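Here the structure is laid out as structure tokens; the discussion comes afterwards.
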Amino acid sequence: MKRILVTGGCGFIGANFVRRVLDLRPDWSIINLDALTYAGNYGNVRDLEGDRHRFVHGDIGDEELLADIFSEEGIAGVVHFAAESHVDRSILGPEAFVETNVTGTFRLLQASLESWREGKLDPDFRFLHVSTDEVYGSLGPEGLFTETTRYDPSSPYSASKAAADHFARAYHRTYGLSTIITNCSNNYGPYQFPEKLIPLMIFNIINERPLPVYGDGGNVRDWLFVEDHCDALLTVLENGRPGETYNIGGGAEKKNIEIVHIICDLMDERLDRPHGTSRKLITFVADRPGHDLRYAIDASKIEGELGWRPRHGFEDGIARTIDWYLDNMSWVEKITSGEYKRWMKENYGNRGTG
Ligand code: NAD
Ligand code: TYD
């Protein structure tokens with residue numbers, strides 16, 4: 001059994017990754033370390049609990065807990081998702097972003113290094129640091145981010161991720177720890193917390209609430225279906241070269257307003273509402289401060305070196321996403337009503353189940 005530590009495996013991408021790995025790699029097992037912040041939901045993985053998936057409730061900044069986890073022999077990899085991930089929250093309260101994304105990542109790197117030095121890790125150990133294209137700052141109307149684009153983060157979120165990337169790279173150059181960094185574009189798909197653009201629009205349309213579009217809706221993101229991101233991460237974990245960085249993107253650039261229109265029209269169809277009903281909910285609101293104009297990824301390195309390509313176009317991915325949310329409305333209601341939070345506290349308190 002190949003054992004990996006996944007951090008943040010109860011969040012959006014982490015939960016999709018845990019599910020994908022357990023599906024595709026029958027001889028792998030996962031230790032899932034997650035603090036269950038507002039964005040983490042144990043319900044996303046509860047059905048997976050067993051020999052191949054062990055949930056540990058805790059913080060990546062907790063050195064004692066990390067020492068305990070790394071006292072196990074033979075951990076073959078760390079896939080590090082745990083983070084504060086929402087730009088708007090980082091503008092309102094940056095400190096948690098420094099604590100988790102910078103200090104937490106540092107503690108995880110340090111615990112991995114100590115375990116490696118003690119000879120406890122699998123000889124093929126890899127530390128995969130999951131990062132974002134937002135570290136590169138904003139593009140103008142032309143051009144793409146490559147792995148050598150200069151770091152130029154705009155928000156406290158992207159600044160904290162940039163700092164974490166630098167630590168991950170430094171641990172390879174200075175100590176020889178086998179770190180690899182991936183910088184990915186915007187993800188969408190099942191289990192995404194409805195604070196991010198796509199699930200928020202779906203959720204508000206269902207509830208006939210206004211759809212807040214920042215500025216003129218002209219900002220561009222490069223959208224990737226989460227399952228494709230998970231496959232890219234698995235590819236990098238297995239075949240990527242330590243010390244390298246790989247950009248991951250969907251090649252699906254769209255303006256925010258185009259995304260909102262697509263969702264509105266699909267939702268009208270699914271909900272049997274007359275065409276144009278949901279578009280009437282669109283409300284242009286004040287722009288986000290420091291709002292990056294455009295992100296777009298050149299993914300030729302991972303495609304050429306490792307043979308990964310996205311399998312889902314935007315039309316396919318967004319239809320699957322909408323169907324998932326409509327089929328899982330109880331999930332959305334639970335995580336947003338606080339019912340889940342109460343349940344978790346009553347059942348687990350602060351106790352880890354590891
Ligand atoms: P998310 O907010 O949905 O999930 C984050 C998870 O981390 C949650 O389960 C939360 O409980 C956990 N967590 C937070 N702080 C923790 C701590 N101190 N200790 C342990 N667990 C903690 O985030 P996501 O969208 O799934 O993003 C996952 C990773 O991927 C992040 O590192 C993010 O920067 C990166 N990323 C996200 C996107 C995107 O579009 N969502 C794109 C590129 C990269
Ligand atoms: P978001 O999903 O927060 O991801 P990120 O900021 O990491 O790219 O936002 C995606 C885009 O959508 C971004 O340009 C901001 C915009 N946006 C809105 O217009 N309205 C919203 O309510 C949200 C959450 C985002």
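Ligands are numbered from 1 in the order shown, residues from 1 within each chain, and chains are lettered A, B, ... in the order they appear in the structure tokens.
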- prompt: Using only C-alpha atoms and all ligand atoms, which protein or nucleic acid residues are at most 7 Å from ligand 1, as JSON, numbers by chain?
  reply: {"A": [7, 8, 9, 10, 11, 12, 13, 14, 33, 34, 35, 36, 37, 38, 39, 40, 41, 58, 59, 60, 61, 80, 81, 82, 83, 84, 85, 86, 100, 104, 130, 131, 132, 133, 161, 183, 184, 185, 186, 187, 188, 192, 193]}
Which chain A residues have any atom within 10 Å of an atom of ligand 2, and for each, what is the nearest pair of atoms with distance in Å to one decimal, counting only C-alpha atoms and all ligand atoms, rows sorted by chain and number, as JSON lines?
```
{"residue": "A:Ser85", "atom": "CA", "partner": "ligand 2", "partner_atom_place_in_ligand_line": "7 (O)", "distance": 7.5}
{"residue": "A:His86", "atom": "CA", "partner": "ligand 2", "partner_atom_place_in_ligand_line": "3 (O)", "distance": 6.0}
{"residue": "A:Val87", "atom": "CA", "partner": "ligand 2", "partner_atom_place_in_ligand_line": "6 (O)", "distance": 5.3}
{"residue": "A:Asp88", "atom": "CA", "partner": "ligand 2", "partner_atom_place_in_ligand_line": "3 (O)", "distance": 6.7}
{"residue": "A:Arg89", "atom": "CA", "partner": "ligand 2", "partner_atom_place_in_ligand_line": "3 (O)", "distance": 9.2}
{"residue": "A:Thr132", "atom": "CA", "partner": "ligand 2", "partner_atom_place_in_ligand_line": "7 (O)", "distance": 8.6}
{"residue": "A:Asp133", "atom": "CA", "partner": "ligand 2", "partner_atom_place_in_ligand_line": "7 (O)", "distance": 9.2}
{"residue": "A:Glu134", "atom": "CA", "partner": "ligand 2", "partner_atom_place_in_ligand_line": "7 (O)", "distance": 7.3}
{"residue": "A:Ser155", "atom": "CA", "partner": "ligand 2", "partner_atom_place_in_ligand_line": "6 (O)", "distance": 9.2}
{"residue": "A:Tyr157", "atom": "CA", "partner": "ligand 2", "partner_atom_place_in_ligand_line": "7 (O)", "distance": 8.6}
{"residue": "A:Ser158", "atom": "CA", "partner": "ligand 2", "partner_atom_place_in_ligand_line": "7 (O)", "distance": 8.7}
{"residue": "A:Ser185", "atom": "CA", "partner": "ligand 2", "partner_atom_place_in_ligand_line": "8 (O)", "distance": 8.2}
{"residue": "A:Asn186", "atom": "CA", "partner": "ligand 2", "partner_atom_place_in_ligand_line": "8 (O)", "distance": 6.0}
{"residue": "A:Asn187", "atom": "CA", "partner": "ligand 2", "partner_atom_place_in_ligand_line": "2 (O)", "distance": 8.4}
{"residue": "A:Tyr188", "atom": "CA", "partner": "ligand 2", "partner_atom_place_in_ligand_line": "2 (O)", "distance": 8.6}
{"residue": "A:Gln192", "atom": "CA", "partner": "ligand 2", "partner_atom_place_in_ligand_line": "2 (O)", "distance": 9.7}
{"residue": "A:Phe193", "atom": "CA", "partner": "ligand 2", "partner_atom_place_in_ligand_line": "2 (O)", "distance": 9.8}
{"residue": "A:Pro194", "atom": "CA", "partner": "ligand 2", "partner_atom_place_in_ligand_line": "24 (C)", "distance": 8.3}
{"residue": "A:Glu195", "atom": "CA", "partner": "ligand 2", "partner_atom_place_in_ligand_line": "24 (C)", "distance": 5.6}
{"residue": "A:Lys196", "atom": "CA", "partner": "ligand 2", "partner_atom_place_in_ligand_line": "2 (O)", "distance": 3.6}
{"residue": "A:Leu197", "atom": "CA", "partner": "ligand 2", "partner_atom_place_in_ligand_line": "2 (O)", "distance": 3.8}
{"residue": "A:Ile198", "atom": "CA", "partner": "ligand 2", "partner_atom_place_in_ligand_line": "2 (O)", "distance": 6.5}
{"residue": "A:Pro199", "atom": "CA", "partner": "ligand 2", "partner_atom_place_in_ligand_line": "2 (O)", "distance": 8.4}
{"residue": "A:Leu200", "atom": "CA", "partner": "ligand 2", "partner_atom_place_in_ligand_line": "22 (O)", "distance": 6.7}
{"residue": "A:Met201", "atom": "CA", "partner": "ligand 2", "partner_atom_place_in_ligand_line": "22 (O)", "distance": 7.5}
{"residue": "A:Asn204", "atom": "CA", "partner": "ligand 2", "partner_atom_place_in_ligand_line": "22 (O)", "distance": 10.0}
{"residue": "A:Pro210", "atom": "CA", "partner": "ligand 2", "partner_atom_place_in_ligand_line": "22 (O)", "distance": 9.7}
{"residue": "A:Leu211", "atom": "CA", "partner": "ligand 2", "partner_atom_place_in_ligand_line": "22 (O)", "distance": 7.0}
{"residue": "A:Pro212", "atom": "CA", "partner": "ligand 2", "partner_atom_place_in_ligand_line": "22 (O)", "distance": 4.9}
{"residue": "A:Val213", "atom": "CA", "partner": "ligand 2", "partner_atom_place_in_ligand_line": "19 (O)", "distance": 3.6}
{"residue": "A:Tyr214", "atom": "CA", "partner": "ligand 2", "partner_atom_place_in_ligand_line": "19 (O)", "distance": 3.8}
{"residue": "A:Gly215", "atom": "CA", "partner": "ligand 2", "partner_atom_place_in_ligand_line": "19 (O)", "distance": 7.2}
{"residue": "A:Asp216", "atom": "CA", "partner": "ligand 2", "partner_atom_place_in_ligand_line": "19 (O)", "distance": 8.4}
{"residue": "A:Gly217", "atom": "CA", "partner": "ligand 2", "partner_atom_place_in_ligand_line": "19 (O)", "distance": 6.0}
{"residue": "A:Gly218", "atom": "CA", "partner": "ligand 2", "partner_atom_place_in_ligand_line": "14 (O)", "distance": 8.2}
{"residue": "A:Asn219", "atom": "CA", "partner": "ligand 2", "partner_atom_place_in_ligand_line": "14 (O)", "distance": 5.2}
{"residue": "A:Val220", "atom": "CA", "partner": "ligand 2", "partner_atom_place_in_ligand_line": "14 (O)", "distance": 6.5}
{"residue": "A:Arg221", "atom": "CA", "partner": "ligand 2", "partner_atom_place_in_ligand_line": "8 (O)", "distance": 6.4}
{"residue": "A:Asp222", "atom": "CA", "partner": "ligand 2", "partner_atom_place_in_ligand_line": "8 (O)", "distance": 9.0}
{"residue": "A:Trp223", "atom": "CA", "partner": "ligand 2", "partner_atom_place_in_ligand_line": "8 (O)", "distance": 9.4}
{"residue": "A:Lys254", "atom": "CA", "partner": "ligand 2", "partner_atom_place_in_ligand_line": "11 (C)", "distance": 10.0}
{"residue": "A:Lys255", "atom": "CA", "partner": "ligand 2", "partner_atom_place_in_ligand_line": "14 (O)", "distance": 8.2}
{"residue": "A:Asn256", "atom": "CA", "partner": "ligand 2", "partner_atom_place_in_ligand_line": "12 (O)", "distance": 5.6}
{"residue": "A:Ile257", "atom": "CA", "partner": "ligand 2", "partner_atom_place_in_ligand_line": "19 (O)", "distance": 7.7}
{"residue": "A:Ile259", "atom": "CA", "partner": "ligand 2", "partner_atom_place_in_ligand_line": "12 (O)", "distance": 8.9}
{"residue": "A:Val260", "atom": "CA", "partner": "ligand 2", "partner_atom_place_in_ligand_line": "19 (O)", "distance": 8.7}
{"residue": "A:Thr283", "atom": "CA", "partner": "ligand 2", "partner_atom_place_in_ligand_line": "20 (N)", "distance": 9.4}
{"residue": "A:Phe284", "atom": "CA", "partner": "ligand 2", "partner_atom_place_in_ligand_line": "19 (O)", "distance": 8.1}
{"residue": "A:Val285", "atom": "CA", "partner": "ligand 2", "partner_atom_place_in_ligand_line": "19 (O)", "distance": 8.1}
{"residue": "A:Ala286", "atom": "CA", "partner": "ligand 2", "partner_atom_place_in_ligand_line": "19 (O)", "distance": 9.3}
{"residue": "A:Asp287", "atom": "CA", "partner": "ligand 2", "partner_atom_place_in_ligand_line": "19 (O)", "distance": 7.9}
{"residue": "A:Arg288", "atom": "CA", "partner": "ligand 2", "partner_atom_place_in_ligand_line": "15 (C)", "distance": 7.2}
{"residue": "A:His291", "atom": "CA", "partner": "ligand 2", "partner_atom_place_in_ligand_line": "14 (O)", "distance": 6.8}
{"residue": "A:Asp292", "atom": "CA", "partner": "ligand 2", "partner_atom_place_in_ligand_line": "14 (O)", "distance": 7.0}
{"residue": "A:Leu293", "atom": "CA", "partner": "ligand 2", "partner_atom_place_in_ligand_line": "14 (O)", "distance": 7.3}
{"residue": "A:Arg294", "atom": "CA", "partner": "ligand 2", "partner_atom_place_in_ligand_line": "14 (O)", "distance": 8.0}
{"residue": "A:Tyr295", "atom": "CA", "partner": "ligand 2", "partner_atom_place_in_ligand_line": "8 (O)", "distance": 8.2}
```
message: Using DSSP assignments from the backbone, pull out every residue in range 254-307 of chain A that falls under strand (DSSP E) and give it to me as a PyMOL selection string.
response: chain A and resi 254-255+282-285
Could those selected residues go to a file with N, CA, C and O atoms, as a tab-separated table (two decimals), in the first residue's frame?
```tsv
chain	number	residue	atom	x	y	z
A	254	LYS	N	-12.63	32.87	-20.32
A	254	LYS	CA	-13.95	33.49	-20.47
A	254	LYS	C	-14.03	34.72	-19.58
A	254	LYS	O	-13.49	34.74	-18.47
A	255	LYS	N	-14.77	35.73	-20.07
A	255	LYS	CA	-15.09	36.89	-19.22
A	255	LYS	C	-16.10	36.43	-18.18
A	255	LYS	O	-16.97	35.59	-18.47
A	282	ILE	N	-29.01	39.56	-12.65
A	282	ILE	CA	-27.64	40.09	-12.70
A	282	ILE	C	-27.60	41.52	-12.16
A	282	ILE	O	-28.39	42.37	-12.57
A	283	THR	N	-26.68	41.74	-11.20
A	283	THR	CA	-26.53	43.07	-10.59
A	283	THR	C	-25.06	43.44	-10.61
A	283	THR	O	-24.25	42.73	-10.02
A	284	PHE	N	-24.73	44.51	-11.32
A	284	PHE	CA	-23.33	44.96	-11.32
A	284	PHE	C	-23.05	45.67	-10.01
A	284	PHE	O	-23.82	46.54	-9.61
A	285	VAL	N	-21.98	45.25	-9.33
A	285	VAL	CA	-21.65	45.84	-8.02
A	285	VAL	C	-20.24	46.43	-8.07
A	285	VAL	O	-19.51	46.22	-9.06
```
- request: Select, from A:Ile69, A:Ala162, A:Val332, A:Leu224, the residue with the minimum atom-to-atom distance to Ile4 in chain A, counting only C-alpha atoms.
  value: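 Comparing A:Ile69, A:Ala162, A:Val332, A:Leu224 against Ile4 in chain A, the winner is A:Ile69.
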query: Which of these, A:Ala168, A:Leu177, A:Ile206, A:Val98, has the shortest distance to Arg117 in chain A once you count only C-alpha atoms?
result: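 Checking each candidate against Arg117 in chain A, we get A:Leu177 as the closest.
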message: DSSP on the backbone: which residues in range 144-332 of chain A end up as helix (DSSP H, G or I)? Give the answer as a PyMOL selection string.
response: chain A and resi 156-175+197-206+226-239+256-270+278-281+300-306+314-327+329-332
Would you pick out the contacts of Tyr246 in chain A at 8 Å or less, using only C-alpha atoms, so that residues sharing its chain but fewer than 6 positions from it are not included, and give the list as an mmCIF file with N, CA, C and O atoms, in the first residue's frame?
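The file below, part_24.cif, is the result:
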```cif
data_model
loop_
_atom_site.group_PDB
_atom_site.id
_atom_site.type_symbol
_atom_site.label_atom_id
_atom_site.label_comp_id
_atom_site.auth_asym_id
_atom_site.auth_seq_id
_atom_site.Cartn_x
_atom_site.Cartn_y
_atom_site.Cartn_z
ATOM 1 N N GLU A 147 5.874 29.080 -16.800
ATOM 2 C CA GLU A 147 6.512 28.752 -15.517
ATOM 3 C C GLU A 147 7.594 29.765 -15.159
ATOM 4 O O GLU A 147 8.047 29.800 -14.014
ATOM 5 N N ILE A 181 6.049 22.122 -7.493
ATOM 6 C CA ILE A 181 4.974 23.127 -7.376
ATOM 7 C C ILE A 181 4.099 23.071 -8.624
ATOM 8 O O ILE A 181 4.624 22.961 -9.745
ATOM 9 N N THR A 182 2.783 23.144 -8.412
ATOM 10 C CA THR A 182 1.888 23.320 -9.562
ATOM 11 C C THR A 182 1.142 24.642 -9.386
ATOM 12 O O THR A 182 0.730 24.983 -8.280
ATOM 13 N N ASN A 183 1.009 25.377 -10.470
ATOM 14 C CA ASN A 183 0.247 26.636 -10.460
ATOM 15 C C ASN A 183 -0.923 26.477 -11.423
ATOM 16 O O ASN A 183 -0.725 26.376 -12.637
ATOM 17 N N VAL A 236 1.578 14.707 -12.035
ATOM 18 C CA VAL A 236 2.786 15.392 -11.535
ATOM 19 C C VAL A 236 3.366 14.630 -10.341
ATOM 20 O O VAL A 236 4.579 14.442 -10.239
ATOM 21 N N ALA A 299 0.010 25.832 -20.785
ATOM 22 C CA ALA A 299 0.193 24.519 -20.144
ATOM 23 C C ALA A 299 1.073 23.596 -20.993
ATOM 24 O O ALA A 299 1.033 22.373 -20.828
ATOM 25 N N LYS A 301 4.168 22.897 -20.955
ATOM 26 C CA LYS A 301 5.199 22.088 -20.274
ATOM 27 C C LYS A 301 4.605 20.770 -19.754
ATOM 28 O O LYS A 301 5.141 19.700 -20.041
ATOM 29 N N ILE A 302 3.513 20.848 -19.022
ATOM 30 C CA ILE A 302 2.924 19.604 -18.488
ATOM 31 C C ILE A 302 2.382 18.739 -19.633
ATOM 32 O O ILE A 302 2.456 17.503 -19.582
#
```
- request: Find the residue from A:Ser90, A:Thr103, A:Asn44, A:Ser154 that sits nearest to Asn328 in chain A; use only C-alpha atoms when measuring.
  value: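 For Asn328 in chain A, the nearest of the given residues is A:Asn44.
Nearest residue to Arg279 in chain A, choosing from A:Leu65, A:Thr179, A:Ile263, A:His312 and counting only C-alpha atoms: A:Ile263.
Look at Tyr325 in chain A: the protein and nucleic acid residues within 10 Å of it, using only C-alpha atoms and passing over chain neighbours fewer than 4 places away, are A:Gly189, A:Pro190, A:Tyr191, A:Gln192, A:Pro199, A:Ile202, A:Phe203, A:Ile206, A:Arg320, A:Thr321, A:Met329, A:Ser330, A:Trp331, A:Val332.
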Spatial neighbours of Arg52 in chain A, max dist 9 Å, only C-alpha atoms, sep filter under 5 positions, as a list of chain:residue names: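 These residues fall inside the cut-off: A:Met1, A:Arg3, A:Leu22, A:Pro26, A:Asp27, A:Trp28, A:Ser29, A:Ile30, A:Ile31.
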- prompt: Which is closer to Ile75 in chain A than all the others in A:Val6, A:Ala296, A:Leu306, A:Met267, using only C-alpha atoms?
  reply: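 Closest to Ile75 in chain A of all the choices is A:Val6.
With CA of Asp152 in chain A on one side and CA of Pro310 in chain A on the other, the separation reads 26.5 Å.
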task: Identify which of the residues A:Arg209, A:Phe127, A:Ile262, A:Gly249 lies closest to Val79 in chain A, counting only C-alpha atoms when measuring atom-to-atom distances.
output: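 Nearest candidate to Val79 in chain A out of A:Arg209, A:Phe127, A:Ile262, A:Gly249: A:Phe127.
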